[in-house]
>>> print(open('final_31.cif').read())   # mmCIF, C-alpha atoms, pLDDT in the B column; chains and numbers go by the auth columns
data_input
loop_
_atom_site.group_PDB
_atom_site.id
_atom_site.type_symbol
_atom_site.label_atom_id
_atom_site.label_comp_id
_atom_site.label_asym_id
_atom_site.label_seq_id
_atom_site.Cartn_x
_atom_site.Cartn_y
_atom_site.Cartn_z
_atom_site.B_iso_or_equiv
_atom_site.auth_seq_id
_atom_site.auth_asym_id
ATOM 1 C CA MET A 1 42.647 -8.629 80.551 47.00 1 A
ATOM 2 C CA ALA A 2 41.155 -9.277 77.179 52.00 2 A
ATOM 3 C CA GLY A 3 43.501 -9.054 74.232 54.00 3 A
ATOM 4 C CA HIS A 4 46.414 -10.750 76.020 56.00 4 A
ATOM 5 C CA ASP A 5 45.529 -14.327 75.174 61.00 5 A
ATOM 6 C CA ARG A 6 48.422 -16.320 73.823 59.00 6 A
ATOM 7 C CA THR A 7 48.208 -19.267 71.523 53.00 7 A
ATOM 8 C CA LEU A 8 50.895 -21.724 70.639 53.00 8 A
ATOM 9 C CA ALA A 9 51.387 -23.015 67.144 50.00 9 A
ATOM 10 C CA SER A 10 50.527 -26.648 66.591 53.00 10 A
ATOM 11 C CA PRO A 11 53.566 -28.890 66.297 63.00 11 A
ATOM 12 C CA GLN A 12 54.471 -29.780 62.724 74.00 12 A
ATOM 13 C CA PHE A 13 54.616 -33.500 63.538 78.00 13 A
ATOM 14 C CA PRO A 14 52.013 -34.206 66.248 78.00 14 A
ATOM 15 C CA GLY A 15 52.291 -37.663 67.789 81.00 15 A
ATOM 16 C CA ASP A 16 55.713 -38.244 66.196 85.00 16 A
ATOM 17 C CA ASP A 17 57.438 -41.140 67.966 91.00 17 A
ATOM 18 C CA GLY A 18 60.811 -40.661 66.246 92.00 18 A
ATOM 19 C CA THR A 19 60.661 -43.810 64.141 95.00 19 A
ATOM 20 C CA ALA A 20 61.432 -43.641 60.445 95.00 20 A
ATOM 21 C CA ASP A 21 58.721 -42.588 58.019 95.00 21 A
ATOM 22 C CA VAL A 22 57.351 -45.887 56.655 95.00 22 A
ATOM 23 C CA ALA A 23 57.706 -44.967 52.967 96.00 23 A
ATOM 24 C CA LEU A 24 61.205 -43.554 53.469 96.00 24 A
ATOM 25 C CA ALA A 25 62.309 -46.641 55.428 96.00 25 A
ATOM 26 C CA ALA A 26 61.105 -48.910 52.600 95.00 26 A
ATOM 27 C CA ALA A 27 62.872 -46.736 50.038 95.00 27 A
ATOM 28 C CA LEU A 28 66.091 -46.800 52.089 95.00 28 A
ATOM 29 C CA ASP A 29 65.884 -50.595 52.287 94.00 29 A
ATOM 30 C CA ALA A 30 65.595 -50.675 48.476 93.00 30 A
ATOM 31 C CA THR A 31 68.933 -48.843 48.222 90.00 31 A
ATOM 32 C CA LEU A 32 70.562 -52.069 49.403 87.00 32 A
ATOM 33 C CA ASP A 33 69.484 -53.472 46.014 86.00 33 A
ATOM 34 C CA GLY A 34 70.830 -50.420 44.178 85.00 34 A
ATOM 35 C CA ASP A 35 67.555 -48.473 43.814 86.00 35 A
ATOM 36 C CA ASP A 36 68.096 -44.864 44.991 90.00 36 A
ATOM 37 C CA ILE A 37 65.141 -43.384 43.099 94.00 37 A
ATOM 38 C CA GLY A 38 62.586 -44.277 45.765 94.00 38 A
ATOM 39 C CA VAL A 39 64.469 -42.298 48.404 96.00 39 A
ATOM 40 C CA LEU A 40 64.503 -39.201 46.215 96.00 40 A
ATOM 41 C CA GLN A 41 60.770 -39.674 45.548 96.00 41 A
ATOM 42 C CA THR A 42 59.774 -40.013 49.220 96.00 42 A
ATOM 43 C CA LEU A 43 62.308 -37.698 50.861 96.00 43 A
ATOM 44 C CA PRO A 44 60.616 -34.338 50.133 95.00 44 A
ATOM 45 C CA GLU A 45 57.524 -35.112 52.233 95.00 45 A
ATOM 46 C CA ALA A 46 59.156 -37.460 54.753 96.00 46 A
ATOM 47 C CA ARG A 47 60.044 -36.227 58.220 96.00 47 A
ATOM 48 C CA VAL A 48 63.770 -36.512 58.906 96.00 48 A
ATOM 49 C CA PHE A 49 65.920 -35.351 61.796 96.00 49 A
ATOM 50 C CA VAL A 50 68.725 -32.828 61.406 95.00 50 A
ATOM 51 C CA PRO A 51 71.147 -33.136 64.328 94.00 51 A
ATOM 52 C CA ILE A 52 72.012 -30.025 66.276 90.00 52 A
ATOM 53 C CA VAL A 53 75.108 -29.957 68.468 83.00 53 A
ATOM 54 C CA PRO A 54 76.501 -27.314 70.831 75.00 54 A
ATOM 55 C CA LEU A 55 79.553 -25.398 69.563 66.00 55 A
ATOM 56 C CA LEU A 56 81.901 -23.146 71.467 51.00 56 A
ATOM 57 C CA GLY A 57 83.413 -21.024 68.706 50.00 57 A
ATOM 58 C CA GLU A 58 84.072 -23.584 65.955 53.00 58 A
ATOM 59 C CA THR A 59 84.589 -26.512 68.335 48.00 59 A
ATOM 60 C CA PRO A 60 81.924 -29.036 69.376 48.00 60 A
ATOM 61 C CA THR A 61 81.383 -29.060 73.122 50.00 61 A
ATOM 62 C CA ASP A 62 79.427 -31.026 75.705 56.00 62 A
ATOM 63 C CA GLY A 63 77.019 -28.144 76.258 49.00 63 A
ATOM 64 C CA ASP A 64 78.811 -25.142 77.743 48.00 64 A
ATOM 65 C CA LYS A 65 76.256 -22.499 78.725 51.00 65 A
ATOM 66 C CA ASN A 66 77.901 -20.057 76.304 48.00 66 A
ATOM 67 C CA ALA A 67 77.737 -22.489 73.388 51.00 67 A
ATOM 68 C CA ASP A 68 75.791 -21.864 70.214 67.00 68 A
ATOM 69 C CA MET A 69 73.719 -24.601 68.609 64.00 69 A
ATOM 70 C CA ALA A 70 74.537 -25.585 65.033 74.00 70 A
ATOM 71 C CA ALA A 71 73.512 -28.097 62.408 83.00 71 A
ATOM 72 C CA VAL A 72 76.218 -30.610 61.567 87.00 72 A
ATOM 73 C CA LEU A 73 78.091 -30.315 58.291 91.00 73 A
ATOM 74 C CA MET A 74 80.768 -32.781 57.219 93.00 74 A
ATOM 75 C CA THR A 75 83.505 -31.917 54.757 93.00 75 A
ATOM 76 C CA GLY A 76 84.568 -34.541 52.236 89.00 76 A
ATOM 77 C CA ALA A 77 88.049 -35.138 50.883 91.00 77 A
ATOM 78 C CA ASP A 78 87.133 -32.990 47.860 91.00 78 A
ATOM 79 C CA GLY A 79 86.233 -30.037 50.123 93.00 79 A
ATOM 80 C CA ARG A 80 82.480 -30.205 49.533 93.00 80 A
ATOM 81 C CA GLN A 81 80.195 -30.109 52.556 96.00 81 A
ATOM 82 C CA GLY A 82 77.170 -32.238 53.346 96.00 82 A
ATOM 83 C CA LEU A 83 74.387 -31.636 55.851 96.00 83 A
ATOM 84 C CA LEU A 84 73.632 -34.607 58.083 96.00 84 A
ATOM 85 C CA ALA A 85 70.048 -35.870 58.256 97.00 85 A
ATOM 86 C CA PHE A 86 68.621 -39.048 59.747 97.00 86 A
ATOM 87 C CA SER A 87 65.468 -41.028 59.055 97.00 87 A
ATOM 88 C CA SER A 88 64.873 -41.745 62.754 97.00 88 A
ATOM 89 C CA ILE A 89 66.040 -40.812 66.217 96.00 89 A
ATOM 90 C CA ALA A 90 67.533 -44.303 66.529 96.00 90 A
ATOM 91 C CA THR A 91 69.783 -43.880 63.467 96.00 91 A
ATOM 92 C CA MET A 92 70.819 -40.439 64.716 95.00 92 A
ATOM 93 C CA ALA A 93 71.567 -41.756 68.222 94.00 93 A
ATOM 94 C CA ALA A 94 73.728 -44.518 66.692 94.00 94 A
ATOM 95 C CA TRP A 95 75.813 -41.744 65.121 93.00 95 A
ATOM 96 C CA ASP A 96 75.893 -39.444 68.185 91.00 96 A
ATOM 97 C CA PRO A 97 73.683 -40.028 71.227 91.00 97 A
ATOM 98 C CA LYS A 98 74.290 -36.448 72.454 87.00 98 A
ATOM 99 C CA ALA A 99 73.013 -34.720 69.303 90.00 99 A
ATOM 100 C CA ARG A 100 69.627 -33.034 69.558 91.00 100 A
ATOM 101 C CA PRO A 101 67.097 -34.007 66.890 92.00 101 A
ATOM 102 C CA VAL A 102 65.282 -31.311 64.966 92.00 102 A
ATOM 103 C CA PRO A 103 62.420 -32.772 62.912 94.00 103 A
ATOM 104 C CA VAL A 104 61.989 -31.277 59.436 94.00 104 A
ATOM 105 C CA LEU A 105 60.562 -32.352 56.114 95.00 105 A
ATOM 106 C CA GLY A 106 63.137 -33.643 53.658 96.00 106 A
ATOM 107 C CA LYS A 107 62.535 -30.719 51.318 96.00 107 A
ATOM 108 C CA ASP A 108 63.272 -28.345 54.235 95.00 108 A
ATOM 109 C CA ALA A 109 66.502 -30.246 54.971 96.00 109 A
ATOM 110 C CA ALA A 110 67.465 -29.612 51.330 97.00 110 A
ATOM 111 C CA LEU A 111 66.749 -25.898 51.755 96.00 111 A
ATOM 112 C CA ALA A 112 68.830 -25.875 54.965 94.00 112 A
ATOM 113 C CA ALA A 113 71.701 -27.620 53.189 95.00 113 A
ATOM 114 C CA ILE A 114 71.724 -24.947 50.491 95.00 114 A
ATOM 115 C CA ASP A 115 71.446 -22.158 53.095 94.00 115 A
ATOM 116 C CA GLU A 116 74.475 -23.623 54.903 92.00 116 A
ATOM 117 C CA GLY A 117 76.499 -23.803 51.686 94.00 117 A
ATOM 118 C CA ALA A 118 76.404 -27.604 51.582 96.00 118 A
ATOM 119 C CA SER A 119 76.241 -29.448 48.291 94.00 119 A
ATOM 120 C CA ALA A 120 74.865 -32.721 49.640 96.00 120 A
ATOM 121 C CA ILE A 121 72.693 -34.327 52.284 97.00 121 A
ATOM 122 C CA LEU A 122 74.259 -37.252 54.107 97.00 122 A
ATOM 123 C CA LEU A 123 71.253 -39.393 55.013 97.00 123 A
ATOM 124 C CA ASP A 124 71.621 -41.947 57.823 96.00 124 A
ATOM 125 C CA LEU A 125 75.412 -41.704 58.224 94.00 125 A
ATOM 126 C CA ALA A 126 76.863 -44.811 59.933 90.00 126 A
ATOM 127 C CA SER A 127 73.847 -46.886 58.869 92.00 127 A
ATOM 128 C CA PRO A 128 73.747 -49.792 56.390 92.00 128 A
ATOM 129 C CA THR A 129 71.364 -47.700 54.269 92.00 129 A
ATOM 130 C CA PHE A 130 73.590 -44.583 54.300 94.00 130 A
ATOM 131 C CA MET A 131 72.951 -42.505 51.193 95.00 131 A
ATOM 132 C CA VAL A 132 74.443 -39.326 49.789 95.00 132 A
ATOM 133 C CA VAL A 133 71.952 -37.025 48.078 96.00 133 A
ATOM 134 C CA GLU A 134 74.113 -35.100 45.644 93.00 134 A
ATOM 135 C CA ASP A 135 74.194 -31.431 44.660 92.00 135 A
ATOM 136 C CA GLU A 136 71.775 -31.424 41.718 95.00 136 A
ATOM 137 C CA ASP A 137 69.267 -33.610 43.555 96.00 137 A
ATOM 138 C CA VAL A 138 69.486 -31.343 46.633 97.00 138 A
ATOM 139 C CA ARG A 139 68.629 -28.342 44.451 96.00 139 A
ATOM 140 C CA HIS A 140 65.659 -30.169 42.896 96.00 140 A
ATOM 141 C CA LEU A 141 64.358 -31.235 46.330 96.00 141 A
ATOM 142 C CA ALA A 142 64.684 -27.701 47.665 95.00 142 A
ATOM 143 C CA ALA A 143 62.840 -26.317 44.624 95.00 143 A
ATOM 144 C CA GLY A 144 59.907 -28.661 45.235 93.00 144 A
ATOM 145 C CA HIS A 145 60.438 -30.737 42.102 95.00 145 A
ATOM 146 C CA ARG A 146 59.233 -34.351 41.920 93.00 146 A
ATOM 147 C CA LEU A 147 61.276 -37.283 40.655 93.00 147 A
ATOM 148 C CA VAL A 148 59.329 -39.582 38.342 93.00 148 A
ATOM 149 C CA ARG A 149 60.200 -42.852 36.640 90.00 149 A
ATOM 150 C CA SER A 150 59.720 -43.030 32.889 87.00 150 A
ATOM 151 C CA GLU A 151 60.500 -45.451 30.095 91.00 151 A
ATOM 152 C CA VAL A 152 63.846 -43.740 29.561 90.00 152 A
ATOM 153 C CA GLY A 153 64.787 -43.373 33.219 89.00 153 A
ATOM 154 C CA ALA A 154 64.184 -41.011 36.108 90.00 154 A
ATOM 155 C CA ALA A 155 63.472 -37.327 35.514 92.00 155 A
ATOM 156 C CA TRP A 156 62.792 -34.333 37.752 94.00 156 A
ATOM 157 C CA VAL A 157 59.495 -32.599 37.080 92.00 157 A
ATOM 158 C CA SER A 158 58.605 -29.083 38.139 90.00 158 A
ATOM 159 C CA SER A 159 55.148 -28.651 39.600 73.00 159 A
ATOM 160 C CA THR A 160 55.001 -25.004 38.489 64.00 160 A
ATOM 161 C CA PRO A 161 53.940 -24.119 34.944 56.00 161 A
#
>>> encode(input="final_31.cif", output="structure tokens")
Amino acid sequence: MAGHDRTLASPQFPGDDGTADVALAAALDATLDGDDIGVLQTLPEARVFVPIVPLLGETPTDGDKNADMAAVLMTGADGRQGLLAFSSIATMAAWDPKARPVPVLGKDAALAAIDEGASAILLDLASPTFMVVEDEDVRHLAAGHRLVRSEVGAAWVSSTP
């Protein structure tokens, strides 16, 4: 039966043990000293986890067989929504041990946030290094821009001419 061979795609993160990306973890630790730039510099290429939870209609459920799976969005007091993302399975489990982790690159989490109508990424909610990546920064991450430090401060740079 030639011609019926199937191949599976290689996993995007082979050997991933669910711990935080080393560079992202260091950058998150630096936020405790007020330096958020490092997170925005490392996030695009760092693997993060977007939690997926079962929903029955619009209500979270414990996993009804008729439930749909959905990424988690939180709505702030001002009405804006943020997509949850976590640097590790441990930080996600501290928030909700029942959530299912979906590993994605940070830049893909930014694209997902925009696709879902969110204006922010809430990174490591319920963690000491919790950080909100705001609207403009989400758009830059999704567009593939790089954040650089300069003599006058941080600036987003486009890699396309």
>>> residues_around(input="final_31.cif", residues="region 87-100 of chain A", least_positions_apart="3", cutoff="6 Å", atoms="all atoms listed in the file", output="count of residues only")
7
>>> resolve_selection(input="final_31.cif", expression="the PyMOL selection byres ((chain A and resi 132) around 6)", output="PyMOL selection string")
chain A and resi 121-122+131+133-134
>>> axis_aligned_box(input="final_31.cif", around="region 106-113 of chain A", padding_each_side="8 Å", output="JSON")
{"center_x": 67.1, "center_y": -29.8, "center_z": 53.1, "size_x": 25.2, "size_y": 23.8, "size_z": 19.7}
>>> resolve_selection(input="final_31.cif", expression="the PyMOL selection byres ((chain A and resi 73) around 7)", output="list in words")
Ala71, Val72, Met74, Thr75, Gln81, Gly82, Leu83 and Leu84 of chain A
>>> atom_distance(input="final_31.cif", atom1="CA of Ala85 (chain A)", atom2="CA of Pro103 (chain A)")
9.5 Å
>>> resolve_selection(input="final_31.cif", expression="the PyMOL selection byres ((chain A and resi 145) around 9)", output="PDB file with C-alpha atoms, keeping the file's coordinate frame")
ATOM      1  CA  PRO A  44      60.616 -34.338  50.133  1.00 95.00           C
ATOM      2  CA  ARG A 139      68.629 -28.342  44.451  1.00 96.00           C
ATOM      3  CA  HIS A 140      65.659 -30.169  42.896  1.00 96.00           C
ATOM      4  CA  LEU A 141      64.358 -31.235  46.330  1.00 96.00           C
ATOM      5  CA  ALA A 142      64.684 -27.701  47.665  1.00 95.00           C
ATOM      6  CA  ALA A 143      62.840 -26.317  44.624  1.00 95.00           C
ATOM      7  CA  GLY A 144      59.907 -28.661  45.235  1.00 93.00           C
ATOM      8  CA  ARG A 146      59.233 -34.351  41.920  1.00 93.00           C
ATOM      9  CA  LEU A 147      61.276 -37.283  40.655  1.00 93.00           C
ATOM     10  CA  TRP A 156      62.792 -34.333  37.752  1.00 94.00           C
ATOM     11  CA  VAL A 157      59.495 -32.599  37.080  1.00 92.00           C
ATOM     12  CA  SER A 158      58.605 -29.083  38.139  1.00 90.00           C
ATOM     13  CA  SER A 159      55.148 -28.651  39.600  1.00 73.00           C
ATOM     14  CA  THR A 160      55.001 -25.004  38.489  1.00 64.00           C
TER      15      THR A 160
END
>>> closest_residue(input="final_31.cif", among="A:Gly76, A:Leu105, A:Phe86, A:Thr42", to="Ala120 (chain A)", atoms="all atoms listed in the file")
A:Gly76
>>> atom_distance(input="final_31.cif", atom1="CA of Ala77 (chain A)", atom2="CA of Leu111 (chain A)")
23.2 Å
>>> closest_residue(input="final_31.cif", among="A:Ala25, A:Leu123, A:Ala155, A:Val148", to="Ala109 (chain A)", atoms="all atoms listed in the file")
A:Leu123
>>> atom_distance(input="final_31.cif", atom1="CA of Ala26 (chain A)", atom2="CA of Thr129 (chain A)")
10.5 Å
>>> closest_residue(input="final_31.cif", among="A:Gly153, A:Gly38, A:Gly79, A:Pro101", to="Gly117 (chain A)", atoms="all atoms listed in the file")
A:Gly79
>>> closest_residue(input="final_31.cif", among="A:Phe130, A:Arg80, A:Ala154, A:Arg47", to="Val102 (chain A)", atoms="only C-alpha atoms")
A:Arg47
>>> residues_around(input="final_31.cif", residues="Val39 (chain A)", least_positions_apart="4", cutoff="7 Å", atoms="all atoms listed in the file", output="list in words")
Leu24, Ala27, Leu28 and Leu43 of chain A
>>> closest_residue(input="final_31.cif", among="A:Gly106, A:Asp135, A:Asp29, A:Leu40", to="Ala118 (chain A)", atoms="only C-alpha atoms")
A:Asp135
>>> decode(input="final_31.cif", residues="region 11-95 of chain A", atoms="C-alpha atoms", output="tab-separated table (two decimals), in the first residue's frame")
chain	number	residue	atom	x	y	z
A	11	PRO	CA	6.77	18.98	18.08
A	12	GLN	CA	7.59	22.68	18.25
A	13	PHE	CA	9.29	22.29	21.64
A	14	PRO	CA	10.93	18.84	21.73
A	15	GLY	CA	12.18	17.81	25.16
A	16	ASP	CA	10.28	20.67	26.85
A	17	ASP	CA	10.02	19.96	30.58
A	18	GLY	CA	7.62	22.83	31.33
A	19	THR	CA	10.08	24.95	33.28
A	20	ALA	CA	10.45	28.62	32.47
A	21	ASP	CA	12.69	29.69	29.61
A	22	VAL	CA	15.98	30.66	31.30
A	23	ALA	CA	16.26	34.10	29.68
A	24	LEU	CA	12.60	34.91	30.33
A	25	ALA	CA	12.88	33.80	33.97
A	26	ALA	CA	15.89	36.10	34.48
A	27	ALA	CA	14.05	38.96	32.81
A	28	LEU	CA	10.97	38.37	34.99
A	29	ASP	CA	13.17	38.41	38.10
A	30	ALA	CA	14.55	41.79	36.96
A	31	THR	CA	11.00	43.19	36.97
A	32	LEU	CA	11.16	43.01	40.77
A	33	ASP	CA	13.76	45.80	40.46
A	34	GLY	CA	11.55	47.77	38.06
A	35	ASP	CA	13.15	46.65	34.76
A	36	ASP	CA	10.39	45.50	32.36
A	37	ILE	CA	12.43	45.94	29.17
A	38	GLY	CA	14.15	42.57	29.43
A	39	VAL	CA	10.82	40.74	29.44
A	40	LEU	CA	9.72	42.50	26.27
A	41	GLN	CA	13.09	41.68	24.68
A	42	THR	CA	13.00	37.95	25.51
A	43	LEU	CA	9.26	37.27	25.27
A	44	PRO	CA	8.94	36.99	21.46
A	45	GLU	CA	11.18	33.91	21.20
A	46	ALA	CA	10.47	32.44	24.65
A	47	ARG	CA	8.09	29.52	25.02
A	48	VAL	CA	5.14	30.39	27.25
A	49	PHE	CA	1.98	28.50	28.13
A	50	VAL	CA	-1.50	29.76	27.28
A	51	PRO	CA	-4.07	28.07	29.52
A	52	ILE	CA	-7.02	26.38	27.90
A	53	VAL	CA	-10.12	25.59	29.96
A	54	PRO	CA	-13.35	23.77	29.10
A	55	LEU	CA	-16.43	25.98	28.62
A	56	LEU	CA	-20.06	24.99	28.42
A	57	GLY	CA	-21.61	27.94	26.61
A	58	GLU	CA	-19.92	30.92	28.28
A	59	THR	CA	-19.39	29.18	31.63
A	60	PRO	CA	-16.22	27.38	32.73
A	61	THR	CA	-16.87	23.74	33.54
A	62	ASP	CA	-15.00	20.76	34.96
A	63	GLY	CA	-14.87	19.07	31.56
A	64	ASP	CA	-18.35	18.18	30.35
A	65	LYS	CA	-18.10	16.06	27.20
A	66	ASN	CA	-20.03	18.73	25.28
A	67	ALA	CA	-17.72	21.53	26.40
A	68	ASP	CA	-15.62	23.62	24.06
A	69	MET	CA	-12.03	24.48	24.88
A	70	ALA	CA	-11.09	28.16	25.09
A	71	ALA	CA	-8.14	30.36	25.94
A	72	VAL	CA	-8.63	32.40	29.09
A	73	LEU	CA	-9.31	36.11	28.83
A	74	MET	CA	-9.73	38.35	31.87
A	75	THR	CA	-11.63	41.61	31.78
A	76	GLY	CA	-10.29	44.55	33.76
A	77	ALA	CA	-12.29	47.21	35.56
A	78	ASP	CA	-11.88	49.45	32.48
A	79	GLY	CA	-13.46	46.78	30.23
A	80	ARG	CA	-10.26	45.85	28.40
A	81	GLN	CA	-9.40	42.18	28.07
A	82	GLY	CA	-6.09	40.43	28.60
A	83	LEU	CA	-4.97	36.99	27.46
A	84	LEU	CA	-3.39	34.88	30.19
A	85	ALA	CA	0.06	33.41	29.56
A	86	PHE	CA	2.50	31.74	31.93
A	87	SER	CA	6.26	31.28	31.86
A	88	SER	CA	6.05	27.72	33.20
A	89	ILE	CA	3.62	24.94	33.96
A	90	ALA	CA	4.29	25.52	37.67
A	91	THR	CA	3.18	29.18	37.54
A	92	MET	CA	0.11	28.17	35.54
A	93	ALA	CA	-0.76	25.36	37.97
A	94	ALA	CA	-0.49	27.84	40.88
A	95	TRP	CA	-3.19	29.88	39.14
